[in-house]
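In what follows, a structure is listed as structure tokens, so that the remarks can point back to it.
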Amino acid sequence: MSLQAQPHEASEPETPHLDFAGTTPYEDYVKADVLTHLQHTLSDDPGEMVFLVTTQVMELWFTVIVHEWETAAAALRADDLPTAIAALKRSTRELEALNASWKPLGQLTPAQFNSYRSALGEGSGFQSAMYRRMEFLLGEKSASMLVPHRGAPRVHAELEKALHEPSLYDEVVRLLARRGHPVPDAVLHRDVSVRYDASDAVEAAWADVYSGDGDAELARLGEALTDVAELVWRWRNDHLVATRRAMGAKPGTGGSAGVAWLEKRARKNVFPELWTARSHV
């Protein structure tokens with residue numbers, strides 16, 4: 001009996017398209033050549049490159065997260081909770097990636113950081129316009145934070161617009177009111193260009209939400225916001241620890257108080273009533 005014919009061996013995959021008239025479609029979309037030529041170190045220390053690239057990566061994550069939170073805020077205004085929750089959940093994955101950016105910098109010794117710290121001059125992370133937009137969306141508003149950007153008209157205009165728009169949490173509180181929770185007019189019609197202060201009425205509203213069906217839309221929104229708040233707190237603490245390791249209690253670049261400033265920031269809760277309401281459930 002003859003052996004059954006063996007199947008033909010799988011053919012080699014076809015060669016991908018290699019010949020393009022101009023730049024590759026990948027380059028046209030991603031702009032990788034632009035991104036990978038934005039690194040201009042100012043010292044001879046090899047460690048400066050990772051500091052610079054990591055900081056640039058952080059700026060890209062800030063940009064994505066601002067996009068997600070603005071998407072969520074617009075959806076909340078339209079009473080579209082599924083879209084808002086989806087955007088918030090995406091942002092938690094992005095915050096996790098952002099927070100992981102501290103790992104390349106978290107082991108810096110003072111000597112390693114000092115080897116290129118002078119290259120930063122007066123530069124400091126608190127001058128990041130995109131990070132400031134993140135903080136504004138969280139309700140951490142301050143008109144004084146526009147001052148460093150007066151020399152960049154487009155950036156200043158974008159920040160000024162963000163300053164005077166309701167934050168993500170303002171939209172959340174307004175939604176609670178539309179869903180029947182008694183939120184005072186003083187909270188609903190507050191000056192949104194100043195920092196949000198916790199409200200007993202908003203705390204009571206969240207306590208009521210959490211005392212009900214845990215699978216209800218508002219409860220799921222609350223948990224998505226809590227995930228965001230926890231990861232923002234972790235970001236601030238990781239920043240604090242990395243700074244302590246690299247420079248101790250010395251003043252920060254750009255005239256900031258360094259660790260003392262970061263310690264103060266790390267003590268603040270984002271979306272405060274979501275945390276305090278849990279004591280009343």
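Each chain of the structure tokens is named A, B, ... in the order shown, its residues numbered from 1; ligands are numbered from 1 in display order.
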Q: Tell me, as a PyMOL selection string, which residues lie within 10 Å of Pro104 (chain A), counting only C-alpha atoms; anything in the same chain fewer than 2 positions away does not count.
A: chain A and resi 50-51+54+100-102+106-108+242
Requested write-out: all heavy atoms of the selected residues, as a PDB file, in the first residue's frame:
ATOM      1  N   VAL A  50      18.521  59.103  28.873  1.00  0.00           N
ATOM      2  CA  VAL A  50      17.348  58.411  29.407  1.00  0.00           C
ATOM      3  C   VAL A  50      16.453  59.380  30.164  1.00  0.00           C
ATOM      4  O   VAL A  50      15.224  59.272  30.125  1.00  0.00           O
ATOM      5  CB  VAL A  50      17.754  57.212  30.295  1.00  0.00           C
ATOM      6  CG1 VAL A  50      18.399  57.650  31.598  1.00  0.00           C
ATOM      7  CG2 VAL A  50      16.523  56.345  30.595  1.00  0.00           C
ATOM      8  N   PHE A  51      17.052  60.364  30.838  1.00  0.00           N
ATOM      9  CA  PHE A  51      16.253  61.373  31.529  1.00  0.00           C
ATOM     10  C   PHE A  51      15.423  62.170  30.531  1.00  0.00           C
ATOM     11  O   PHE A  51      14.215  62.386  30.720  1.00  0.00           O
ATOM     12  CB  PHE A  51      17.167  62.306  32.332  1.00  0.00           C
ATOM     13  CG  PHE A  51      16.423  63.341  33.141  1.00  0.00           C
ATOM     14  CD1 PHE A  51      16.020  63.059  34.439  1.00  0.00           C
ATOM     15  CD2 PHE A  51      16.126  64.584  32.606  1.00  0.00           C
ATOM     16  CE1 PHE A  51      15.324  63.997  35.194  1.00  0.00           C
ATOM     17  CE2 PHE A  51      15.435  65.534  33.349  1.00  0.00           C
ATOM     18  CZ  PHE A  51      15.041  65.236  34.648  1.00  0.00           C
ATOM     19  N   THR A  54      12.719  59.856  28.745  1.00  0.00           N
ATOM     20  CA  THR A  54      11.648  59.511  29.683  1.00  0.00           C
ATOM     21  C   THR A  54      10.724  60.699  29.912  1.00  0.00           C
ATOM     22  O   THR A  54       9.494  60.552  29.954  1.00  0.00           O
ATOM     23  CB  THR A  54      12.231  59.029  31.024  1.00  0.00           C
ATOM     24  OG1 THR A  54      13.062  57.887  30.788  1.00  0.00           O
ATOM     25  CG2 THR A  54      11.131  58.658  31.998  1.00  0.00           C
ATOM     26  N   ALA A 100       4.779  53.999  35.192  1.00  0.00           N
ATOM     27  CA  ALA A 100       5.943  53.133  34.967  1.00  0.00           C
ATOM     28  C   ALA A 100       7.137  53.912  34.425  1.00  0.00           C
ATOM     29  O   ALA A 100       8.276  53.435  34.503  1.00  0.00           O
ATOM     30  CB  ALA A 100       5.585  52.011  33.999  1.00  0.00           C
ATOM     31  N   SER A 101       6.880  55.125  33.917  1.00  0.00           N
ATOM     32  CA  SER A 101       7.979  55.953  33.407  1.00  0.00           C
ATOM     33  C   SER A 101       8.971  56.333  34.496  1.00  0.00           C
ATOM     34  O   SER A 101      10.118  56.702  34.196  1.00  0.00           O
ATOM     35  CB  SER A 101       7.418  57.231  32.764  1.00  0.00           C
ATOM     36  OG  SER A 101       6.562  56.941  31.691  1.00  0.00           O
ATOM     37  N   TRP A 102       8.524  56.257  35.753  1.00  0.00           N
ATOM     38  CA  TRP A 102       9.450  56.594  36.840  1.00  0.00           C
ATOM     39  C   TRP A 102      10.516  55.523  37.044  1.00  0.00           C
ATOM     40  O   TRP A 102      11.560  55.796  37.651  1.00  0.00           O
ATOM     41  CB  TRP A 102       8.693  56.806  38.155  1.00  0.00           C
ATOM     42  CG  TRP A 102       7.937  58.089  38.188  1.00  0.00           C
ATOM     43  CD1 TRP A 102       6.584  58.251  38.267  1.00  0.00           C
ATOM     44  CD2 TRP A 102       8.499  59.404  38.107  1.00  0.00           C
ATOM     45  NE1 TRP A 102       6.269  59.581  38.241  1.00  0.00           N
ATOM     46  CE2 TRP A 102       7.417  60.321  38.151  1.00  0.00           C
ATOM     47  CE3 TRP A 102       9.787  59.908  38.014  1.00  0.00           C
ATOM     48  CZ2 TRP A 102       7.594  61.701  38.097  1.00  0.00           C
ATOM     49  CZ3 TRP A 102       9.980  61.279  37.963  1.00  0.00           C
ATOM     50  CH2 TRP A 102       8.897  62.159  37.998  1.00  0.00           C
ATOM     51  N   GLY A 106      13.862  56.149  38.797  1.00  0.00           N
ATOM     52  CA  GLY A 106      13.675  55.935  40.230  1.00  0.00           C
ATOM     53  C   GLY A 106      14.895  55.472  40.980  1.00  0.00           C
ATOM     54  O   GLY A 106      14.912  55.499  42.213  1.00  0.00           O
ATOM     55  N   GLN A 107      15.938  55.006  40.265  1.00  0.00           N
ATOM     56  CA  GLN A 107      17.134  54.508  40.932  1.00  0.00           C
ATOM     57  C   GLN A 107      18.315  55.479  40.833  1.00  0.00           C
ATOM     58  O   GLN A 107      19.450  55.119  41.160  1.00  0.00           O
ATOM     59  CB  GLN A 107      17.548  53.160  40.327  1.00  0.00           C
ATOM     60  CG  GLN A 107      16.455  52.089  40.394  1.00  0.00           C
ATOM     61  CD  GLN A 107      16.100  51.739  41.823  1.00  0.00           C
ATOM     62  OE1 GLN A 107      16.966  51.469  42.632  1.00  0.00           O
ATOM     63  NE2 GLN A 107      14.812  51.756  42.140  1.00  0.00           N
ATOM     64  N   LEU A 108      18.064  56.689  40.388  1.00  0.00           N
ATOM     65  CA  LEU A 108      19.154  57.656  40.255  1.00  0.00           C
ATOM     66  C   LEU A 108      19.760  58.001  41.616  1.00  0.00           C
ATOM     67  O   LEU A 108      19.045  58.328  42.563  1.00  0.00           O
ATOM     68  CB  LEU A 108      18.641  58.950  39.615  1.00  0.00           C
ATOM     69  CG  LEU A 108      18.442  58.978  38.102  1.00  0.00           C
ATOM     70  CD1 LEU A 108      17.804  60.300  37.689  1.00  0.00           C
ATOM     71  CD2 LEU A 108      19.765  58.777  37.379  1.00  0.00           C
ATOM     72  N   ALA A 242      11.227  59.297  43.753  1.00  0.00           N
ATOM     73  CA  ALA A 242      12.320  59.439  42.796  1.00  0.00           C
ATOM     74  C   ALA A 242      13.124  60.707  43.078  1.00  0.00           C
ATOM     75  O   ALA A 242      14.361  60.709  42.980  1.00  0.00           O
ATOM     76  CB  ALA A 242      11.772  59.466  41.370  1.00  0.00           C
TER      77      ALA A 242
END
Q: Can you list, as an NGL selection string, all residues belonging to region 92-223 of chain A that DSSP tags as helix (DSSP H, G or I)?
A: :A and (92-100 or 110-120 or 125-127 or 129-137 or 143-149 or 153-164 or 168-178 or 185-188 or 200-211 or 217-223)
**Q.** Top pick for closest residue to Arg77 (chain A), considering A:Asp185, A:Glu59, A:Glu171, A:Asp213 and counting only C-alpha atoms
**A.** A:Glu171
Q | Arg117 (chain A) surroundings by only C-alpha atoms, 12 Å radius, close-in-sequence under 3 positions cut, as an NGL selection string | A | :A and (41-45 or 47-48 or 51-52 or 108-114 or 120-124 or 246-247 or 252-254)
(Q) Taking only C-alpha atoms into account, name the residue in A:Leu218, A:Val232, A:Val64, A:Leu274 that is nearest to Ala201 (chain A). (A) A:Leu274
Q) What is the distance between CA of Glu94 (chain A) and CA of Trp235 (chain A), in Å to one decimal? A) 11.7 Å
Residues of region 194-215 of chain A at most 12 Å from region 150-163 of chain A: nearest atom pair and distance in Å, only C-alpha atoms, as a Markdown table:
| residue | atom | partner | partner_atom | distance |
| --- | --- | --- | --- | --- |
| A:Val194 | CA | A:Leu163 | CA | 8.0 |
| A:Arg195 | CA | A:Leu163 | CA | 9.9 |
| A:Tyr196 | CA | A:Leu163 | CA | 11.9 |
Q) Got a sec: who's within 12 Å of Val259 (chain A), counting only C-alpha atoms, leaving out chain neighbours fewer than 5 positions off, as a PyMOL selection string? A) chain A and resi 236-253+264-266
Residues from last step as file, N, CA and C atoms, as a short mmCIF file (atom, residue, chain, number, x, y, z; two decimals), in the first residue's frame:
data_model
loop_
_atom_site.label_atom_id
_atom_site.label_comp_id
_atom_site.auth_asym_id
_atom_site.auth_seq_id
_atom_site.Cartn_x
_atom_site.Cartn_y
_atom_site.Cartn_z
N ARG A 236 2.03 60.90 42.00
CA ARG A 236 2.62 61.93 42.85
C ARG A 236 3.60 61.33 43.85
N ASN A 237 3.25 60.18 44.40
CA ASN A 237 4.15 59.55 45.36
C ASN A 237 5.41 58.99 44.69
N ASP A 238 5.27 58.40 43.51
CA ASP A 238 6.45 57.91 42.79
C ASP A 238 7.37 59.07 42.42
N HIS A 239 6.78 60.20 42.06
CA HIS A 239 7.58 61.40 41.76
C HIS A 239 8.34 61.84 43.00
N LEU A 240 7.64 61.83 44.13
CA LEU A 240 8.26 62.22 45.39
C LEU A 240 9.43 61.30 45.73
N VAL A 241 9.23 59.99 45.63
CA VAL A 241 10.28 59.03 45.99
C VAL A 241 11.48 59.18 45.05
N ALA A 242 11.23 59.30 43.75
CA ALA A 242 12.32 59.44 42.80
C ALA A 242 13.12 60.71 43.08
N THR A 243 12.44 61.79 43.44
CA THR A 243 13.12 63.05 43.73
C THR A 243 13.93 62.95 45.01
N ARG A 244 13.37 62.30 46.03
CA ARG A 244 14.11 62.10 47.28
C ARG A 244 15.41 61.34 47.03
N ARG A 245 15.33 60.30 46.21
CA ARG A 245 16.52 59.49 45.95
C ARG A 245 17.57 60.29 45.18
N ALA A 246 17.12 61.11 44.26
CA ALA A 246 18.06 61.80 43.38
C ALA A 246 18.66 63.06 44.00
N MET A 247 17.90 63.75 44.85
CA MET A 247 18.40 65.05 45.33
C MET A 247 18.09 65.35 46.79
N GLY A 248 17.49 64.41 47.50
CA GLY A 248 17.23 64.66 48.91
C GLY A 248 16.30 65.84 49.11
N ALA A 249 16.62 66.69 50.05
CA ALA A 249 15.77 67.83 50.39
C ALA A 249 16.25 69.13 49.77
N LYS A 250 17.15 69.05 48.79
CA LYS A 250 17.65 70.27 48.16
C LYS A 250 16.53 70.97 47.40
N PRO A 251 16.62 72.29 47.19
CA PRO A 251 15.60 72.99 46.39
C PRO A 251 15.51 72.40 44.99
N GLY A 252 14.31 72.40 44.42
CA GLY A 252 14.12 71.87 43.08
C GLY A 252 14.59 72.85 42.02
N THR A 253 14.67 72.35 40.79
CA THR A 253 15.00 73.24 39.68
C THR A 253 13.83 74.18 39.44
N LYS A 264 3.67 67.97 49.87
CA LYS A 264 2.38 68.65 50.03
C LYS A 264 1.39 68.16 48.98
N ARG A 265 1.84 68.00 47.73
CA ARG A 265 0.98 67.54 46.66
C ARG A 265 0.53 66.09 46.91
N ALA A 266 1.43 65.27 47.44
CA ALA A 266 1.12 63.85 47.64
C ALA A 266 0.06 63.64 48.71
#
Q) If you measure from CA of Gln127 (chain A) to CA of His37 (chain A), what distance in Å do you get, rounded to one decimal? A) 22.4 Å
Q) If you count only C-alpha atoms, which residues fall within 10 Å of Ala73 (chain A), apart from same-chain ones fewer than 3 positions away, as number ranges by chain? A) A: 67-70, 76-81, 83-84, 87-88, 137, 166-172
Please build the interface table for region 7-67 of chain A against region 132-135 of chain A with a cut-off of 9 Å, listing for each qualifying residue the nearest atom pair and the distance in Å to one decimal; count only C-alpha atoms, order rows by chain and increasing number, and write it as a Markdown table.
| residue | atom | partner | partner_atom | distance |
| --- | --- | --- | --- | --- |
| A:Phe62 | CA | A:Met134 | CA | 7.0 |
| A:Thr63 | CA | A:Met134 | CA | 8.6 |
| A:Ile65 | CA | A:Met134 | CA | 7.4 |
| A:Val66 | CA | A:Met134 | CA | 5.7 |
Output N, CA and C atoms for every residue in that selection, as a short mmCIF file (atom, residue, chain, number, x, y, z; two decimals), in the first residue's frame.
data_model
loop_
_atom_site.label_atom_id
_atom_site.label_comp_id
_atom_site.auth_asym_id
_atom_site.auth_seq_id
_atom_site.Cartn_x
_atom_site.Cartn_y
_atom_site.Cartn_z
N PHE A 62 0.83 62.42 29.00
CA PHE A 62 -0.03 63.53 29.46
C PHE A 62 -1.05 63.89 28.37
N THR A 63 -0.56 63.96 27.12
CA THR A 63 -1.41 64.36 26.00
C THR A 63 -2.56 63.38 25.80
N ILE A 65 -3.83 61.30 28.06
CA ILE A 65 -4.72 61.31 29.23
C ILE A 65 -5.62 62.54 29.21
N VAL A 66 -5.08 63.69 28.83
CA VAL A 66 -5.91 64.89 28.67
C VAL A 66 -7.02 64.62 27.65
#
Q) Which residue out of A:Ala260, A:Ala198, A:Met145, A:Ala72 has the minimum interatomic distance to Glu273 (chain A) when only C-alpha atoms are used? A)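 Going through A:Ala260, A:Ala198, A:Met145, A:Ala72 one by one, the smallest distance to Glu273 (chain A) is for A:Ala198.
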Q.
Using Å and a single decimal, report how far CA of Trp61 (chain A) sits from CA of Leu95 (chain A).
A.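 Interatomic distance, CA of Leu95 (chain A) to CA of Trp61 (chain A): 7.7 Å.
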Residues at most 10 Å from Ala224 (chain A), counting only C-alpha atoms, excluding those fewer than 4 positions away in the same chain, as a PDB file with C-alpha atoms, in the first residue's frame?
ATOM      1  CA  ALA A  84     -17.441  58.572  29.829  1.00  0.00           C
ATOM      2  CA  ILE A  85     -16.713  55.396  31.782  1.00  0.00           C
ATOM      3  CA  ALA A  86     -14.959  53.833  28.791  1.00  0.00           C
ATOM      4  CA  ALA A  87     -12.699  56.879  28.441  1.00  0.00           C
ATOM      5  CA  LEU A  88     -11.907  56.855  32.172  1.00  0.00           C
ATOM      6  CA  LYS A  89     -11.069  53.151  32.065  1.00  0.00           C
ATOM      7  CA  ARG A  90      -8.727  53.683  29.113  1.00  0.00           C
ATOM      8  CA  SER A  91      -7.052  56.472  31.040  1.00  0.00           C
ATOM      9  CA  THR A  92      -6.291  54.136  33.951  1.00  0.00           C
ATOM     10  CA  LEU A 218     -23.341  56.083  38.978  1.00  0.00           C
ATOM     11  CA  ALA A 219     -21.618  53.509  41.169  1.00  0.00           C
ATOM     12  CA  ARG A 220     -19.575  52.292  38.193  1.00  0.00           C
ATOM     13  CA  VAL A 228      -8.109  57.428  38.289  1.00  0.00           C
ATOM     14  CA  ALA A 229      -7.675  59.182  41.628  1.00  0.00           C
TER      15      ALA A 229
END
Q: May I ask which of the residues A:Leu60, A:Leu38, A:Leu18, A:Ala186 is the closest one to Met130 (chain A), counting only C-alpha atoms?
A: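 Using only C-alpha atoms, Met130 (chain A) sits closest to A:Leu60.
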(Q) Calculated over only C-alpha atoms, which of the candidates A:Asp33, A:Asp197, A:Asp191, A:Asp227 has the smallest distance to Arg93 (chain A)? (A)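 Looking at the shortest contact to Arg93 (chain A), the residue is A:Asp227.
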